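Student: Just dropping this structure here.
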Amino acid sequence: MRNLANSFENKSQYGFYIAGGILFLFLAMTIRPFAIVNAGERGVVMQFGKVQDKVLGEGLHPIMPIVTSVKRLNVRVQQNTFKSDAASKDLQTITTELAVNWHLDPLQVNKIFQQVGDERLIIDGIITPAVSEVLKAATAKKTAEEVITKRTELKEEIDNHLEKRLASYGIIIDDVSLVNFSFSPEFSRAIESKQIAEQEAKQAEFIAQKATQEAQADINRAKGQAEAQRLQRLTLTPDLLQKQAIEKWDGRFPTVMSGNGALPLININPSSLSSGNQQK
């Protein structure tokens, strides 16, 4: 009987410990005396809703339940796309689409949350109006044509001004990309007409240059031929012609001769040649 009593007492103790452990885990999960800050986040510590100076890094942190709470903010690089209308220097309406890469300063997340709020409020309340204002100011300095041809300069100006404007809020701008420009239909047609006219003008200029070059080539060839003929006339003498005729003669006489029996170009007597052969 005593053994049964001891066994029952031991089982009761084990059951008590198990129940106590389950209760502890339940209270721990409910009250949460710790805070977990994930990778790429920072924790804003608040005691009874008041933001503290301490910023929690990544990892597990003990806190006092009920008294202390932690708000997690993302400090990774984020990208948001903004679209805004602006007037150019020549009063053309330009719709610009920008992609902004940004992140929160990890050391200032407590001040950012205290002054602005969470990420949604940061984007809607701070970044969006800043992008719109900086874009309008930069676009107003350039004509619609310069917005296209000087895209790199416009991008750098927007990048620099936006970086300075948002630095006071603890928002760091990593990069700004000009994704797309769109103009009014009338201006788009005007640009297209201008491009067509420029292409036609370039084509006409090319054709004119080609014709000029061909004409100049013909002139140069004619001058070359005339000069060759002039030099040839200067060098041709009766003796040279006689020499060339002899060099080209194949040793045969023409079967038809002129009335006086003279051979053209060459003064050779056929009778003298025949008598010479008989003597041999």
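Chain labels run A, B, ... following the order of the structure tokens; each chain numbers its residues from 1, and ligands are numbered from 1 in the order shown.
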Give me the residues within 9 Å of stretch 57-68 of chain A as a PyMOL selection string, counting only C-alpha atoms and dropping any in the same chain fewer than 4 places off.
Tutor: chain A and resi 31-43+45-49+106
Student: Output the selection as a CSV table (one decimal), in the first residue's frame - N, CA and C atoms for each residue.
Tutor:
chain,number,residue,atom,x,y,z
A,31,ILE,N,2.1,36.8,-22.5
A,31,ILE,CA,2.7,38.1,-21.9
A,31,ILE,C,3.9,38.5,-22.7
A,32,ARG,N,4.7,37.5,-23.2
A,32,ARG,CA,5.9,37.7,-23.9
A,32,ARG,C,6.9,38.6,-23.2
A,33,PRO,N,7.7,38.1,-22.3
A,33,PRO,CA,8.7,38.8,-21.6
A,33,PRO,C,10.0,39.0,-22.5
A,34,PHE,N,9.9,38.8,-23.7
A,34,PHE,CA,11.0,39.0,-24.6
A,34,PHE,C,10.5,39.6,-26.0
A,35,ALA,N,11.4,40.1,-26.8
A,35,ALA,CA,11.1,40.6,-28.1
A,35,ALA,C,12.1,40.1,-29.1
A,36,ILE,N,11.7,39.7,-30.2
A,36,ILE,CA,12.5,39.2,-31.3
A,36,ILE,C,12.6,40.2,-32.4
A,37,VAL,N,13.8,40.7,-32.8
A,37,VAL,CA,14.0,41.6,-33.9
A,37,VAL,C,14.6,40.8,-35.0
A,38,ASN,N,13.9,40.7,-36.1
A,38,ASN,CA,14.4,39.9,-37.3
A,38,ASN,C,15.5,40.6,-38.0
A,39,ALA,N,16.1,39.9,-38.9
A,39,ALA,CA,17.2,40.4,-39.8
A,39,ALA,C,16.6,41.5,-40.7
A,40,GLY,N,17.4,42.6,-40.8
A,40,GLY,CA,16.9,43.7,-41.6
A,40,GLY,C,15.9,44.6,-40.9
A,41,GLU,N,15.8,44.5,-39.6
A,41,GLU,CA,14.9,45.3,-38.8
A,41,GLU,C,15.6,45.9,-37.6
A,42,ARG,N,15.0,47.0,-37.0
A,42,ARG,CA,15.4,47.6,-35.8
A,42,ARG,C,14.1,47.7,-34.9
A,43,GLY,N,14.3,47.6,-33.6
A,43,GLY,CA,13.2,47.7,-32.7
A,43,GLY,C,13.2,49.0,-32.0
A,45,VAL,N,11.8,50.9,-28.8
A,45,VAL,CA,11.4,50.5,-27.5
A,45,VAL,C,10.5,51.6,-27.0
A,46,MET,N,9.3,51.2,-26.4
A,46,MET,CA,8.3,52.1,-25.8
A,46,MET,C,7.9,51.6,-24.5
A,47,GLN,N,7.9,52.5,-23.5
A,47,GLN,CA,7.4,52.2,-22.2
A,47,GLN,C,6.2,53.0,-21.9
A,48,PHE,N,5.1,52.2,-21.7
A,48,PHE,CA,3.8,52.8,-21.6
A,48,PHE,C,3.5,53.8,-22.7
A,49,GLY,N,4.0,53.4,-23.9
A,49,GLY,CA,3.7,54.2,-25.1
A,49,GLY,C,4.7,55.3,-25.4
A,106,PRO,N,19.4,53.2,-39.5
A,106,PRO,CA,19.2,52.3,-38.4
A,106,PRO,C,19.3,52.9,-37.0
Student: Identify, with DSSP run on backbone atoms, the residues in stretch 10-121 of chain A assigned to strand (DSSP E), and express the list as a VMD selection string.
Tutor: chain A and resid 34 to 37 41 to 47 50 to 56 59 to 62 68 to 74 78 to 87 93 to 104
Student: Nearest residue to A:Glu157 out of A:Ser177, A:Thr143, A:Ser184, A:Ser88, using only C-alpha atoms?
Tutor: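 Checking each of A:Ser177, A:Thr143, A:Ser184, A:Ser88 against A:Glu157, counting only C-alpha atoms, the winner is A:Ser177.
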Student: Hey, what's within 9 Å of A:Val116 if we count only C-alpha atoms and toss same-chain stuff fewer than 3 positions away? As a list in words, please?
Tutor: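 Neighbouring residues, sequence-local ones excluded: Lys111, Ile112, Phe113, Glu119, Leu121, Ile122, Gly125, Ile126 and Tyr169 of chain A.
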Student: For the residues selected in the previous step, produce a file with N, CA, C and O atoms as a CSV table (one decimal), in the first residue's frame.
Tutor:
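This went into selection.csv:
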chain,number,residue,atom,x,y,z
A,111,LYS,N,13.6,58.0,-33.5
A,111,LYS,CA,13.1,59.4,-33.8
A,111,LYS,C,12.2,59.4,-35.0
A,111,LYS,O,11.2,60.2,-35.0
A,112,ILE,N,12.5,58.6,-36.0
A,112,ILE,CA,11.6,58.6,-37.2
A,112,ILE,C,10.2,58.1,-36.8
A,112,ILE,O,9.2,58.7,-37.2
A,113,PHE,N,10.1,57.1,-36.0
A,113,PHE,CA,8.8,56.6,-35.6
A,113,PHE,C,8.1,57.6,-34.7
A,113,PHE,O,6.9,57.7,-34.8
A,119,GLU,N,6.2,52.8,-41.7
A,119,GLU,CA,6.7,52.9,-43.1
A,119,GLU,C,5.6,53.5,-44.0
A,119,GLU,O,5.9,54.2,-44.9
A,121,LEU,N,3.3,55.6,-43.3
A,121,LEU,CA,3.2,57.1,-43.1
A,121,LEU,C,4.4,57.8,-43.6
A,121,LEU,O,4.4,58.9,-44.1
A,122,ILE,N,5.6,57.1,-43.6
A,122,ILE,CA,6.8,57.7,-44.1
A,122,ILE,C,6.7,57.9,-45.6
A,122,ILE,O,7.1,58.9,-46.1
A,125,GLY,N,3.5,60.4,-46.3
A,125,GLY,CA,3.6,61.7,-45.7
A,125,GLY,C,4.9,62.5,-45.9
A,125,GLY,O,4.9,63.7,-45.9
A,126,ILE,N,5.9,61.8,-46.2
A,126,ILE,CA,7.2,62.4,-46.4
A,126,ILE,C,7.8,62.2,-47.8
A,126,ILE,O,8.1,63.2,-48.5
A,169,TYR,N,14.9,63.8,-42.0
A,169,TYR,CA,14.0,62.8,-41.4
A,169,TYR,C,14.6,61.5,-41.2
A,169,TYR,O,13.8,60.5,-40.7
Student: Expressed in Å to a single decimal, how great is the separation between atom CA of A:Asp90 and atom CA of A:Lys142?
Tutor: 7.8 Å
Student: When distances are computed from only C-alpha atoms, which of A:Ile18, A:Ala144, A:Ala226, A:Ile171 shows the smallest separation from A:Gln92?
Tutor: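 Of all the options, A:Ala144 lies closest to A:Gln92.
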Student: Name the closest residue to A:Glu163 among the candidates A:Ala204, A:Val134, A:Leu91, A:Ala217; distances are taken between atoms, counting only C-alpha atoms.
Tutor: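 Under the stated criterion, the closest residue is A:Val134.
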Student: DSSP on the backbone, then: every residue of stretch 80-233 of chain A marked alpha helix (DSSP H), written as a PyMOL selection string.
Tutor: chain A and resi 109-115+119-122+128-139+144-149+151-167+185-233
